[in-house]
>>> print(open('run28.tsv').read())   # TSV, C-alpha atoms
chain	number	residue	atom	x	y	z
A	1	MET	CA	20.80	-24.04	16.02
A	2	LYS	CA	20.91	-24.36	12.21
A	3	TYR	CA	18.30	-21.63	11.60
A	4	MET	CA	19.80	-19.35	14.23
A	5	LYS	CA	23.29	-19.65	12.73
A	6	GLN	CA	21.90	-18.85	9.28
A	7	LEU	CA	20.04	-15.87	10.72
A	8	GLY	CA	23.33	-14.83	12.32
A	9	VAL	CA	25.10	-14.79	8.94
A	10	LEU	CA	22.31	-12.69	7.38
A	11	LEU	CA	22.30	-10.26	10.32
A	12	ALA	CA	26.10	-9.99	10.18
A	13	CYS	CA	25.82	-8.92	6.51
A	14	ALA	CA	23.13	-6.40	7.52
A	15	VAL	CA	25.35	-4.95	10.26
A	16	ALA	CA	28.32	-4.74	7.87
A	17	GLY	CA	26.00	-3.05	5.34
A	18	ASP	CA	24.95	-0.50	7.97
A	19	ALA	CA	28.61	0.16	8.78
A	20	PHE	CA	29.37	0.79	5.08
A	21	SER	CA	26.31	3.01	4.89
A	22	ILE	CA	27.67	5.17	7.73
A	23	LEU	CA	31.05	5.34	5.97
A	24	LEU	CA	29.22	6.52	2.83
A	25	ARG	CA	27.39	9.12	4.99
A	26	GLY	CA	24.04	7.42	4.40
A	27	ARG	CA	24.19	7.89	0.62
A	28	LEU	CA	23.09	4.25	0.15
A	29	PRO	CA	20.79	2.34	2.53
A	30	GLY	CA	22.50	-0.24	4.76
A	31	ASN	CA	20.19	-3.07	3.70
A	32	VAL	CA	21.05	-2.55	0.00
A	33	LEU	CA	24.76	-2.65	0.84
A	34	GLY	CA	24.21	-5.76	2.99
A	35	LEU	CA	22.45	-7.44	0.05
A	36	THR	CA	25.34	-6.54	-2.28
A	37	LEU	CA	27.88	-7.79	0.26
A	38	LEU	CA	26.12	-11.15	0.63
A	39	LEU	CA	25.94	-11.51	-3.16
A	40	LEU	CA	29.71	-10.90	-3.40
A	41	LEU	CA	30.42	-13.33	-0.54
A	42	LEU	CA	28.32	-15.98	-2.32
A	43	ALA	CA	29.89	-15.34	-5.73
A	44	TYR	CA	33.48	-15.39	-4.45
A	45	GLY	CA	33.21	-18.30	-2.08
A	46	PRO	CA	33.43	-17.53	1.65
A	47	VAL	CA	29.66	-17.97	2.14
A	48	ARG	CA	28.00	-20.99	0.53
A	49	LEU	CA	24.31	-21.29	-0.25
A	50	GLY	CA	24.00	-24.03	2.40
A	51	HIS	CA	25.09	-21.57	5.09
A	52	ILE	CA	22.01	-19.39	4.68
A	53	GLU	CA	19.53	-21.09	2.36
A	54	ASP	CA	16.88	-22.37	4.79
A	55	THR	CA	16.49	-19.17	6.79
A	56	ALA	CA	16.79	-17.03	3.64
A	57	ASP	CA	13.96	-18.91	1.94
A	58	PHE	CA	11.80	-18.67	5.07
A	59	LEU	CA	12.33	-14.90	5.18
A	60	LEU	CA	11.79	-14.42	1.42
A	61	HIS	CA	8.57	-16.43	1.41
A	62	ASN	CA	7.15	-14.33	4.23
A	63	MET	CA	8.51	-10.97	3.10
A	64	ALA	CA	5.07	-9.43	2.46
A	65	PHE	CA	3.84	-10.37	5.95
A	66	PHE	CA	6.75	-8.52	7.58
A	67	PHE	CA	5.42	-5.33	5.97
A	68	LEU	CA	2.05	-5.49	7.71
A	69	PRO	CA	3.03	-3.12	10.58
A	70	ALA	CA	4.52	-0.63	8.06
A	71	CYS	CA	1.34	-0.78	5.98
A	72	LEU	CA	-0.83	-0.12	9.05
A	73	GLY	CA	1.25	2.97	9.72
A	74	VAL	CA	-1.10	4.58	7.23
A	75	LEU	CA	-3.69	4.77	10.06
A	76	GLU	CA	-1.53	7.43	11.67
A	77	ILE	CA	-0.98	9.58	8.60
A	78	PHE	CA	-4.26	9.01	6.78
A	79	ALA	CA	-5.58	12.48	7.63
A	80	GLU	CA	-2.47	13.99	6.02
A	81	ILE	CA	-2.77	12.18	2.68
A	82	LYS	CA	-6.58	11.77	2.48
A	83	SER	CA	-6.98	14.53	-0.12
A	84	GLU	CA	-4.24	13.07	-2.31
A	85	VAL	CA	-5.23	9.40	-2.40
A	86	PHE	CA	-6.74	9.34	-5.90
A	87	ALA	CA	-3.97	11.39	-7.51
A	88	LEU	CA	-1.42	9.16	-5.75
A	89	LEU	CA	-3.00	5.98	-7.13
A	90	ALA	CA	-3.28	7.54	-10.62
A	91	VAL	CA	0.44	8.39	-10.55
A	92	CYS	CA	1.19	4.75	-9.62
A	93	VAL	CA	-0.82	3.40	-12.58
A	94	LEU	CA	0.53	5.81	-15.21
A	95	THR	CA	4.17	5.44	-14.16
A	96	THR	CA	3.90	1.62	-14.13
A	97	PHE	CA	2.93	1.69	-17.82
A	98	CYS	CA	5.71	4.20	-18.64
A	99	THR	CA	8.32	2.07	-16.85
A	100	ALA	CA	7.26	-1.19	-18.51
A	101	ALA	CA	7.11	0.38	-21.99
A	102	ALA	CA	10.56	1.99	-21.57
A	103	THR	CA	12.05	-1.32	-20.37
A	104	ALA	CA	10.46	-3.29	-23.21
A	105	PHE	CA	11.75	-0.78	-25.79
A	106	THR	CA	15.29	-0.84	-24.35
A	107	VAL	CA	15.44	-4.63	-24.14
A	108	HIS	CA	14.22	-4.83	-27.75
A	109	ILE	CA	17.13	-2.66	-28.90
A	110	ALA	CA	19.62	-4.46	-26.63
A	111	LEU	CA	18.63	-7.88	-27.97
A	112	ARG	CA	18.90	-6.64	-31.57
A	113	LEU	CA	22.37	-5.16	-30.93
A	114	GLN	CA	23.46	-8.40	-29.28
A	115	ARG	CA	22.25	-10.48	-32.22
A	116	LYS	CA	24.02	-8.21	-34.70
A	117	LYS	CA	27.25	-8.51	-32.70
A	118	ASP	CA	26.95	-12.32	-32.52
A	119	ARG	CA	26.42	-12.55	-36.28
A	120	GLY	CA	29.40	-10.26	-36.85
A	121	GLY	CA	31.51	-12.66	-34.79
A	122	VAL	CA	30.62	-15.64	-36.97
A	123	ARG	CA	31.29	-13.88	-40.26
A	124	PRO	CA	34.36	-11.69	-39.89
B	1	MET	CA	-9.29	-7.18	28.46
B	2	THR	CA	-7.14	-4.04	28.16
B	3	ALA	CA	-4.10	-6.09	29.17
B	4	LEU	CA	-4.88	-8.54	26.38
B	5	LEU	CA	-5.34	-5.75	23.83
B	6	SER	CA	-1.88	-4.39	24.55
B	7	SER	CA	-0.07	-7.72	24.64
B	8	ALA	CA	2.42	-8.45	21.88
B	9	PRO	CA	1.57	-12.15	21.39
B	10	PHE	CA	-2.11	-11.25	20.94
B	11	TRP	CA	-1.54	-8.77	18.07
B	12	ILE	CA	1.07	-10.99	16.45
B	13	CYS	CA	-1.43	-13.88	16.45
B	14	VAL	CA	-4.10	-11.58	15.01
B	15	SER	CA	-1.66	-10.39	12.31
B	16	ILE	CA	-0.69	-13.94	11.34
B	17	ALA	CA	-4.32	-15.07	11.27
B	18	CYS	CA	-5.40	-12.13	9.08
B	19	TYR	CA	-2.49	-12.65	6.68
B	20	ALA	CA	-3.16	-16.40	6.45
B	21	PHE	CA	-6.80	-15.58	5.67
B	22	GLY	CA	-5.63	-13.16	2.95
B	23	GLN	CA	-3.46	-15.87	1.39
B	24	LYS	CA	-6.38	-18.27	1.41
B	25	VAL	CA	-8.60	-15.72	-0.35
B	26	GLN	CA	-5.93	-15.16	-2.99
B	27	ARG	CA	-5.44	-18.87	-3.57
B	28	ARG	CA	-9.18	-19.41	-3.93
B	29	THR	CA	-9.70	-16.51	-6.35
B	30	GLY	CA	-6.32	-16.76	-8.09
B	31	SER	CA	-6.38	-13.00	-8.68
B	32	ALA	CA	-3.64	-10.47	-7.97
B	33	LEU	CA	-6.38	-8.06	-6.90
B	34	PHE	CA	-6.84	-9.96	-3.62
B	35	ASN	CA	-3.38	-9.22	-2.29
B	36	PRO	CA	-2.81	-10.91	1.11
B	37	LEU	CA	-0.97	-7.89	2.52
B	38	LEU	CA	-3.82	-5.54	1.59
B	39	ILE	CA	-6.50	-7.89	2.94
B	40	ALA	CA	-4.56	-8.33	6.21
B	41	SER	CA	-4.02	-4.55	6.51
B	42	VAL	CA	-7.73	-3.83	6.14
B	43	LEU	CA	-8.72	-6.57	8.64
B	44	VAL	CA	-6.14	-5.69	11.30
B	45	GLY	CA	-6.87	-1.98	10.74
B	46	LEU	CA	-10.59	-2.58	11.32
B	47	LEU	CA	-9.84	-4.56	14.50
B	48	LEU	CA	-7.61	-1.77	15.80
B	49	VAL	CA	-10.30	0.85	15.14
B	50	CYS	CA	-13.11	-1.31	16.59
B	51	THR	CA	-11.20	-2.10	19.79
B	52	GLY	CA	-9.95	1.48	20.11
B	53	THR	CA	-6.34	0.34	20.11
B	54	SER	CA	-3.84	2.97	19.00
B	55	TYR	CA	-1.29	2.28	16.26
B	56	GLU	CA	1.42	2.97	18.81
B	57	THR	CA	0.17	0.14	21.04
B	58	TYR	CA	-0.10	-2.20	18.06
B	59	ASN	CA	3.35	-1.29	16.84
B	60	GLN	CA	4.95	-2.47	20.07
B	61	SER	CA	4.21	-5.96	18.75
B	62	GLY	CA	4.54	-4.76	15.16
B	63	ARG	CA	8.19	-3.93	15.74
B	64	LEU	CA	8.82	-7.60	16.48
B	65	ILE	CA	7.43	-8.42	13.02
B	66	SER	CA	9.20	-5.56	11.22
B	67	PHE	CA	12.53	-6.70	12.69
B	68	PHE	CA	12.64	-9.57	10.18
B	69	LEU	CA	12.69	-7.11	7.26
B	70	THR	CA	16.38	-6.44	7.78
B	71	PRO	CA	17.65	-10.02	7.30
B	72	ALA	CA	14.92	-10.62	4.66
B	73	THR	CA	16.26	-7.78	2.50
B	74	VAL	CA	19.81	-9.12	2.73
B	75	ALA	CA	18.39	-12.53	1.76
B	76	LEU	CA	17.32	-11.05	-1.62
B	77	ALA	CA	20.90	-11.86	-2.67
B	78	VAL	CA	19.95	-15.57	-2.71
B	79	PRO	CA	17.54	-15.50	-5.70
B	80	ILE	CA	20.00	-13.34	-7.67
B	81	TYR	CA	22.84	-15.77	-6.88
B	82	ARG	CA	20.73	-18.77	-7.92
B	83	LYS	CA	20.17	-17.19	-11.35
B	84	LEU	CA	23.73	-15.93	-11.79
B	85	ASP	CA	24.17	-18.03	-14.98
B	86	VAL	CA	21.06	-16.53	-16.58
B	87	LEU	CA	22.29	-13.09	-15.53
B	88	ARG	CA	25.72	-13.65	-17.12
B	89	GLN	CA	24.20	-14.94	-20.38
B	90	ASN	CA	21.82	-11.98	-20.71
B	91	LEU	CA	23.86	-9.34	-18.92
B	92	PHE	CA	23.52	-6.61	-21.55
B	93	PRO	CA	19.71	-6.69	-22.09
B	94	ILE	CA	19.06	-7.10	-18.34
B	95	LEU	CA	21.30	-4.21	-17.25
B	96	ALA	CA	20.19	-1.92	-20.09
B	97	GLY	CA	16.48	-2.66	-19.58
B	98	ALA	CA	16.55	-2.33	-15.79
B	99	LEU	CA	18.64	0.85	-15.96
B	100	VAL	CA	16.43	2.68	-18.48
B	101	GLY	CA	13.29	1.34	-16.79
B	102	SER	CA	14.44	2.60	-13.38
B	103	VAL	CA	15.35	6.04	-14.73
B	104	VAL	CA	12.01	6.37	-16.54
B	105	SER	CA	10.16	5.18	-13.41
B	106	ILE	CA	11.76	7.88	-11.24
B	107	ALA	CA	11.42	10.59	-13.90
B	108	SER	CA	7.78	9.79	-14.63
B	109	VAL	CA	6.90	9.79	-10.90
B	110	ILE	CA	8.37	13.28	-10.56
B	111	LEU	CA	6.62	14.47	-13.75
B	112	PHE	CA	3.14	13.09	-12.93
B	113	SER	CA	3.36	14.07	-9.23
B	114	ARG	CA	4.03	17.69	-10.25
B	115	LEU	CA	1.28	17.49	-12.89
B	116	PHE	CA	-1.28	16.21	-10.36
B	117	GLY	CA	-0.12	18.65	-7.69
B	118	LEU	CA	0.99	16.06	-5.12
B	119	SER	CA	2.84	17.36	-2.06
B	120	ASP	CA	6.61	17.17	-1.95
B	121	THR	CA	6.58	14.51	0.80
B	122	THR	CA	4.18	12.31	-1.15
B	123	MET	CA	6.31	12.64	-4.28
B	124	ARG	CA	9.40	11.62	-2.32
B	125	SER	CA	7.49	8.61	-0.97
B	126	LEU	CA	6.56	7.55	-4.52
B	127	ILE	CA	9.96	7.96	-6.23
B	128	PRO	CA	11.17	4.38	-5.48
B	129	LYS	CA	7.72	2.74	-5.82
B	130	SER	CA	8.55	0.41	-8.74
B	131	VAL	CA	11.13	-1.61	-6.81
B	132	THR	CA	10.75	-4.28	-4.16
B	133	THR	CA	9.31	-2.97	-0.86
B	134	PRO	CA	12.37	-3.21	1.47
B	135	ILE	CA	14.59	-1.25	-0.91
B	136	ALA	CA	11.78	1.18	-1.74
B	137	VAL	CA	11.07	1.92	1.94
B	138	SER	CA	14.70	2.58	2.87
B	139	LEU	CA	15.13	4.82	-0.19
B	140	SER	CA	11.92	6.67	0.65
B	141	GLU	CA	13.12	7.29	4.21
B	142	MET	CA	16.47	8.48	2.88
B	143	LEU	CA	14.66	10.96	0.61
B	144	GLY	CA	12.37	12.17	3.42
B	145	GLY	CA	9.25	10.27	2.31
B	146	LEU	CA	6.70	8.41	4.47
B	147	ALA	CA	7.22	4.65	4.81
B	148	PRO	CA	3.50	3.70	4.95
B	149	VAL	CA	2.73	5.69	1.76
B	150	THR	CA	5.65	3.98	-0.01
B	151	THR	CA	4.55	0.52	1.16
B	152	ILE	CA	1.01	1.01	-0.13
B	153	ALA	CA	2.22	2.54	-3.42
B	154	VAL	CA	4.59	-0.40	-3.97
B	155	VAL	CA	1.87	-2.99	-3.30
B	156	PHE	CA	-0.64	-1.12	-5.48
B	157	THR	CA	1.91	-0.81	-8.31
B	158	GLY	CA	2.56	-4.56	-8.06
B	159	ILE	CA	-1.15	-5.37	-8.29
B	160	VAL	CA	-1.69	-3.04	-11.27
B	161	GLY	CA	1.40	-4.46	-12.96
B	162	ALA	CA	0.42	-8.08	-12.41
B	163	MET	CA	-3.11	-7.54	-13.68
B	164	LEU	CA	-2.58	-5.16	-16.61
B	165	LEU	CA	1.02	-5.34	-17.83
B	166	PRO	CA	0.89	-8.68	-19.72
B	167	VAL	CA	-2.06	-7.37	-21.79
B	168	PHE	CA	-0.59	-3.86	-22.15
B	169	LEU	CA	2.79	-5.18	-23.31
B	170	LYS	CA	1.14	-7.50	-25.83
B	171	CYS	CA	-0.84	-4.51	-27.16
B	172	ILE	CA	2.31	-2.48	-27.77
B	173	GLY	CA	3.79	-5.39	-29.71
B	174	VAL	CA	5.98	-7.25	-27.21
B	175	ARG	CA	6.36	-10.86	-28.35
B	176	ASN	CA	9.78	-11.83	-26.96
B	177	GLU	CA	9.80	-13.71	-23.60
B	178	VAL	CA	12.97	-12.02	-22.31
B	179	GLN	CA	11.46	-8.61	-23.09
B	180	MET	CA	8.16	-9.50	-21.43
B	181	GLY	CA	9.78	-10.83	-18.23
B	182	LEU	CA	12.23	-7.96	-17.76
B	183	SER	CA	9.54	-5.32	-18.33
B	184	ILE	CA	7.17	-6.86	-15.77
B	185	GLY	CA	9.92	-7.38	-13.17
B	186	THR	CA	11.33	-3.86	-13.55
B	187	ALA	CA	7.93	-2.14	-13.39
B	188	ALA	CA	6.11	-4.36	-10.87
B	189	HIS	CA	8.68	-6.24	-8.69
B	190	ALA	CA	7.66	-9.48	-6.91
B	191	VAL	CA	3.88	-9.17	-7.31
B	192	GLY	CA	4.33	-8.76	-11.07
B	193	THR	CA	6.80	-11.65	-11.10
B	194	SER	CA	4.22	-14.00	-9.59
B	195	ARG	CA	2.17	-13.34	-12.75
B	196	ALA	CA	5.21	-13.55	-15.06
B	197	ILE	CA	5.93	-17.05	-13.72
B	198	GLU	CA	2.49	-18.08	-14.96
B	199	LEU	CA	3.32	-16.81	-18.47
B	200	GLY	CA	6.35	-19.09	-18.80
B	201	GLU	CA	9.70	-20.18	-17.39
B	202	THR	CA	11.83	-17.58	-19.23
B	203	GLU	CA	9.41	-14.76	-18.34
B	204	GLY	CA	9.48	-15.82	-14.67
B	205	ALA	CA	13.28	-16.08	-14.45
B	206	MET	CA	13.82	-12.72	-16.19
B	207	SER	CA	11.19	-10.99	-14.07
B	208	GLY	CA	12.72	-12.47	-10.90
B	209	LEU	CA	16.18	-11.20	-11.82
B	210	ALA	CA	14.82	-7.77	-12.72
B	211	ILE	CA	13.47	-7.36	-9.13
B	212	GLY	CA	16.96	-7.42	-7.63
B	213	ILE	CA	18.80	-5.65	-10.45
B	214	ALA	CA	16.24	-2.83	-10.77
B	215	GLY	CA	16.26	-2.49	-6.96
B	216	LEU	CA	20.03	-2.11	-6.82
B	217	LEU	CA	20.14	0.24	-9.83
B	218	THR	CA	17.34	2.41	-8.43
B	219	ALA	CA	19.25	2.70	-5.14
B	220	LEU	CA	22.33	3.81	-7.09
B	221	ILE	CA	20.37	6.31	-9.21
B	222	VAL	CA	18.64	7.81	-6.17
B	223	SER	CA	21.94	7.99	-4.30
B	224	VAL	CA	23.88	9.62	-7.16
B	225	GLY	CA	20.91	11.85	-7.96
B	226	SER	CA	20.57	13.15	-4.41
B	227	LEU	CA	24.34	13.69	-4.25
B	228	LEU	CA	24.35	15.74	-7.47
B	229	LEU	CA	21.27	17.77	-6.58
B	230	SER	CA	22.47	18.59	-3.06
B	231	ILE	CA	25.70	20.18	-4.32
>>> encode(input="run28.tsv", output="structure tokens")
Amino acid sequence: MKYMKQLGVLLACAVAGDAFSILLRGRLPGNVLGLTLLLLLLAYGPVRLGHIEDTADFLLHNMAFFFLPACLGVLEIFAEIKSEVFALLAVCVLTTFCTAAATAFTVHIALRLQRKKDRGGVRP
Amino acid sequence: MTALLSSAPFWICVSIACYAFGQKVQRRTGSALFNPLLIASVLVGLLLVCTGTSYETYNQSGRLISFFLTPATVALAVPIYRKLDVLRQNLFPILAGALVGSVVSIASVILFSRLFGLSDTTMRSLIPKSVTTPIAVSLSEMLGGLAPVTTIAVVFTGIVGAMLLPVFLKCIGVRNEVQMGLSIGTAAHAVGTSRAIELGETEGAMSGLAIGIAGLLTALIVSVGSLLLSI
């Protein structure tokens, strides 16, 4: 029953997340709210890592496999996007570089600011 | 034979076998290019076409597989919780990097999609493509995008990120491990992180944290953005 109970806890968070999502009129996806809820429950105590760890690790390790049916959905819509495939892939490549460069630049500045602040704390 | 081809256990077995084969290929070659999900998709797709089985028939068993996505997404809280100390110690660079990275990701998708003349639906499917697949797919559906297009874009982005980002970032002068890890995780989620782990412990931990944080921030940005634009 151990794995089933753990699955039960995860599903309960998902259901609560869906309920919050409805309250927010679908502005945030239920699964994102469920994730946030579980993180809060872990951080503030009521749920301990041991309550969910084994099933959570099983699910996380196999995450990509669970997407296989979604990926195959492309068979149904391929005719629709056939003409756009190359542009679509090009957009993916270019934006990946933009995102990584912007993150690297921001982190560089953030680390420098942090260091300056730390030094300021030592020498008032 | 037709009964077999429409039975759920049959297609689930086929899916598992194809995915396991994909993992074996990746382990042998050690390259991000041979992504198990892509290999399995091509193999199962070929089998469906060769046997004349419709996607609808396949998806009756596929739904049983997709079901696990819901608890798996919630389970993403576990890796964030395990690294809570690292998150607290580096809160400012992590939040700042993931926030700016997520904004630039969304903005650059809109810009390049318009530039290349992609359809509105395709653009909507691509907007969340830098974050981990479960969050990306639910955001895409919320925006009116197509889940399969998003899934493929996310996987492709991960592969590109894992293969090219370490070299690209070194070229633009990134030397710091925290900087390297956060950039890879924000731009290329879990597939990129698998490469970041190979670069070093700090890179791996930072990249792993960036998956969850960038995912949550992107959800917030998309949500606030769609709220503001719909008014």
>>> interface_residues(input="run28.tsv", of="chain B", to="chain A", cutoff="6 Å", atoms="only C-alpha atoms", output="ChimeraX atom specification")
/B:62,65-66,71-72,74-75,77,93,97,101,104-105,108,112,148,151,157,179,183,187,223
>>> closest_residue(input="run28.tsv", among="B:Asn176, B:Leu182, B:Phe10, B:Ala3", to="Val100 of chain B", atoms="all atoms listed in the file")
B:Leu182
>>> closest_residue(input="run28.tsv", among="B:Thr133, B:Lys170, B:Phe156, B:Leu228", to="Leu76 of chain B", atoms="only C-alpha atoms")
B:Thr133
>>> closest_residue(input="run28.tsv", among="B:Leu139, B:Met180, B:Ala98, B:Ala153", to="Phe168 of chain B", atoms="all atoms listed in the file")
B:Met180
>>> atom_distance(input="run28.tsv", atom1="atom CA of Pro128 of chain B", atom2="atom CA of Asn90 of chain B")
24.8 Å
>>> residues_around(input="run28.tsv", residues="segment 41-53 of chain B", least_positions_apart="3", cutoff="9 Å", atoms="all atoms listed in the file", output="PDB file with C-alpha atoms, in the frame of the given file")
ATOM      1  CA  LEU A  68       2.050  -5.490   7.710  1.00  0.00           C
ATOM      2  CA  PRO A  69       3.030  -3.120  10.580  1.00  0.00           C
ATOM      3  CA  CYS A  71       1.340  -0.780   5.980  1.00  0.00           C
ATOM      4  CA  LEU A  72      -0.830  -0.120   9.050  1.00  0.00           C
ATOM      5  CA  LEU A  75      -3.690   4.770  10.060  1.00  0.00           C
TER       6      LEU A  75
ATOM      7  CA  LEU B   5      -5.340  -5.750  23.830  1.00  0.00           C
ATOM      8  CA  SER B   6      -1.880  -4.390  24.550  1.00  0.00           C
ATOM      9  CA  TRP B  11      -1.540  -8.770  18.070  1.00  0.00           C
ATOM     10  CA  VAL B  14      -4.100 -11.580  15.010  1.00  0.00           C
ATOM     11  CA  SER B  15      -1.660 -10.390  12.310  1.00  0.00           C
ATOM     12  CA  CYS B  18      -5.400 -12.130   9.080  1.00  0.00           C
ATOM     13  CA  TYR B  19      -2.490 -12.650   6.680  1.00  0.00           C
ATOM     14  CA  PRO B  36      -2.810 -10.910   1.110  1.00  0.00           C
ATOM     15  CA  LEU B  37      -0.970  -7.890   2.520  1.00  0.00           C
ATOM     16  CA  LEU B  38      -3.820  -5.540   1.590  1.00  0.00           C
ATOM     17  CA  GLU B  56       1.420   2.970  18.810  1.00  0.00           C
ATOM     18  CA  THR B  57       0.170   0.140  21.040  1.00  0.00           C
ATOM     19  CA  TYR B  58      -0.100  -2.200  18.060  1.00  0.00           C
TER      20      TYR B  58
END
>>> atom_distance(input="run28.tsv", atom1="atom CA of Val103 of chain B", atom2="atom CA of Asp118 of chain A")
28.1 Å
>>> atom_distance(input="run28.tsv", atom1="atom CA of Ala32 of chain B", atom2="atom CA of Ser140 of chain B")
24.7 Å
>>> closest_residue(input="run28.tsv", among="B:Met206, B:Leu115, B:Val178, B:Leu227", to="Leu143 of chain B", atoms="all atoms listed in the file")
B:Leu227
>>> residues_near_point(input="run28.tsv", point="(4.5, -11.7, -16.6)", cutoff="7 Å", atoms="only C-alpha atoms", output="list in words")
Ala162, Pro166, Met180, Gly181, Ile184, Gly192, Thr193, Arg195, Ala196, Ile197, Glu198, Leu199, Glu203 and Gly204 of chain B
>>> residues_near_point(input="run28.tsv", point="(15.2, -3.3, -10.9)", cutoff="9 Å", atoms="only C-alpha atoms", output="list of chain:residue names")
B:Leu95, B:Gly97, B:Ala98, B:Leu99, B:Gly101, B:Ser102, B:Ser130, B:Val131, B:Thr132, B:Leu182, B:Gly185, B:Thr186, B:Ala187, B:His189, B:Leu209, B:Ala210, B:Ile211, B:Gly212, B:Ile213, B:Ala214, B:Gly215, B:Leu216, B:Leu217, B:Thr218
>>> build_atoms(input="run28.tsv", residues="segment 73-88 of chain B", atoms="N, CA, C and O atoms", output="PDB file, in the coordinates of the input")
ATOM      1  N   THR B  73      15.746  -8.562   3.626  1.00  0.00           N
ATOM      2  CA  THR B  73      16.260  -7.780   2.500  1.00  0.00           C
ATOM      3  C   THR B  73      17.624  -8.292   2.063  1.00  0.00           C
ATOM      4  O   THR B  73      17.895  -8.444   0.875  1.00  0.00           O
ATOM      5  N   VAL B  74      18.485  -8.566   3.044  1.00  0.00           N
ATOM      6  CA  VAL B  74      19.810  -9.120   2.730  1.00  0.00           C
ATOM      7  C   VAL B  74      19.641 -10.443   1.978  1.00  0.00           C
ATOM      8  O   VAL B  74      20.376 -10.741   1.030  1.00  0.00           O
ATOM      9  N   ALA B  75      18.627 -11.223   2.372  1.00  0.00           N
ATOM     10  CA  ALA B  75      18.390 -12.530   1.760  1.00  0.00           C
ATOM     11  C   ALA B  75      18.005 -12.425   0.286  1.00  0.00           C
ATOM     12  O   ALA B  75      18.055 -13.425  -0.441  1.00  0.00           O
ATOM     13  N   LEU B  76      17.645 -11.225  -0.191  1.00  0.00           N
ATOM     14  CA  LEU B  76      17.320 -11.050  -1.620  1.00  0.00           C
ATOM     15  C   LEU B  76      18.523 -11.398  -2.512  1.00  0.00           C
ATOM     16  O   LEU B  76      18.367 -11.617  -3.712  1.00  0.00           O
ATOM     17  N   ALA B  77      19.723 -11.463  -1.905  1.00  0.00           N
ATOM     18  CA  ALA B  77      20.900 -11.860  -2.670  1.00  0.00           C
ATOM     19  C   ALA B  77      20.771 -13.309  -3.154  1.00  0.00           C
ATOM     20  O   ALA B  77      21.319 -13.671  -4.195  1.00  0.00           O
ATOM     21  N   VAL B  78      20.038 -14.145  -2.387  1.00  0.00           N
ATOM     22  CA  VAL B  78      19.950 -15.570  -2.710  1.00  0.00           C
ATOM     23  C   VAL B  78      19.294 -15.830  -4.081  1.00  0.00           C
ATOM     24  O   VAL B  78      19.884 -16.520  -4.917  1.00  0.00           O
ATOM     25  N   PRO B  79      18.097 -15.262  -4.363  1.00  0.00           N
ATOM     26  CA  PRO B  79      17.540 -15.500  -5.700  1.00  0.00           C
ATOM     27  C   PRO B  79      18.401 -14.949  -6.838  1.00  0.00           C
ATOM     28  O   PRO B  79      18.445 -15.548  -7.913  1.00  0.00           O
ATOM     29  N   ILE B  80      19.116 -13.850  -6.609  1.00  0.00           N
ATOM     30  CA  ILE B  80      20.000 -13.340  -7.670  1.00  0.00           C
ATOM     31  C   ILE B  80      21.138 -14.340  -7.895  1.00  0.00           C
ATOM     32  O   ILE B  80      21.457 -14.695  -9.017  1.00  0.00           O
ATOM     33  N   TYR B  81      21.723 -14.828  -6.771  1.00  0.00           N
ATOM     34  CA  TYR B  81      22.840 -15.770  -6.880  1.00  0.00           C
ATOM     35  C   TYR B  81      22.412 -17.059  -7.600  1.00  0.00           C
ATOM     36  O   TYR B  81      23.152 -17.589  -8.426  1.00  0.00           O
ATOM     37  N   ARG B  82      21.207 -17.532  -7.289  1.00  0.00           N
ATOM     38  CA  ARG B  82      20.730 -18.770  -7.920  1.00  0.00           C
ATOM     39  C   ARG B  82      20.606 -18.622  -9.428  1.00  0.00           C
ATOM     40  O   ARG B  82      20.669 -19.596 -10.160  1.00  0.00           O
ATOM     41  N   LYS B  83      20.361 -17.395  -9.895  1.00  0.00           N
ATOM     42  CA  LYS B  83      20.170 -17.190 -11.350  1.00  0.00           C
ATOM     43  C   LYS B  83      21.387 -16.496 -11.970  1.00  0.00           C
ATOM     44  O   LYS B  83      21.272 -15.873 -13.023  1.00  0.00           O
ATOM     45  N   LEU B  84      22.538 -16.623 -11.318  1.00  0.00           N
ATOM     46  CA  LEU B  84      23.730 -15.930 -11.790  1.00  0.00           C
ATOM     47  C   LEU B  84      24.089 -16.304 -13.233  1.00  0.00           C
ATOM     48  O   LEU B  84      24.530 -15.453 -14.014  1.00  0.00           O
ATOM     49  N   ASP B  85      23.870 -17.591 -13.611  1.00  0.00           N
ATOM     50  CA  ASP B  85      24.170 -18.030 -14.980  1.00  0.00           C
ATOM     51  C   ASP B  85      23.289 -17.302 -15.991  1.00  0.00           C
ATOM     52  O   ASP B  85      23.775 -16.825 -17.015  1.00  0.00           O
ATOM     53  N   VAL B  86      21.994 -17.235 -15.677  1.00  0.00           N
ATOM     54  CA  VAL B  86      21.060 -16.530 -16.580  1.00  0.00           C
ATOM     55  C   VAL B  86      21.456 -15.067 -16.681  1.00  0.00           C
ATOM     56  O   VAL B  86      21.412 -14.469 -17.755  1.00  0.00           O
ATOM     57  N   LEU B  87      21.884 -14.498 -15.545  1.00  0.00           N
ATOM     58  CA  LEU B  87      22.290 -13.090 -15.530  1.00  0.00           C
ATOM     59  C   LEU B  87      23.513 -12.883 -16.430  1.00  0.00           C
ATOM     60  O   LEU B  87      23.550 -11.956 -17.235  1.00  0.00           O
ATOM     61  N   ARG B  88      24.509 -13.782 -16.310  1.00  0.00           N
ATOM     62  CA  ARG B  88      25.720 -13.650 -17.120  1.00  0.00           C
ATOM     63  C   ARG B  88      25.399 -13.757 -18.610  1.00  0.00           C
ATOM     64  O   ARG B  88      25.907 -12.988 -19.421  1.00  0.00           O
TER      65      ARG B  88
END
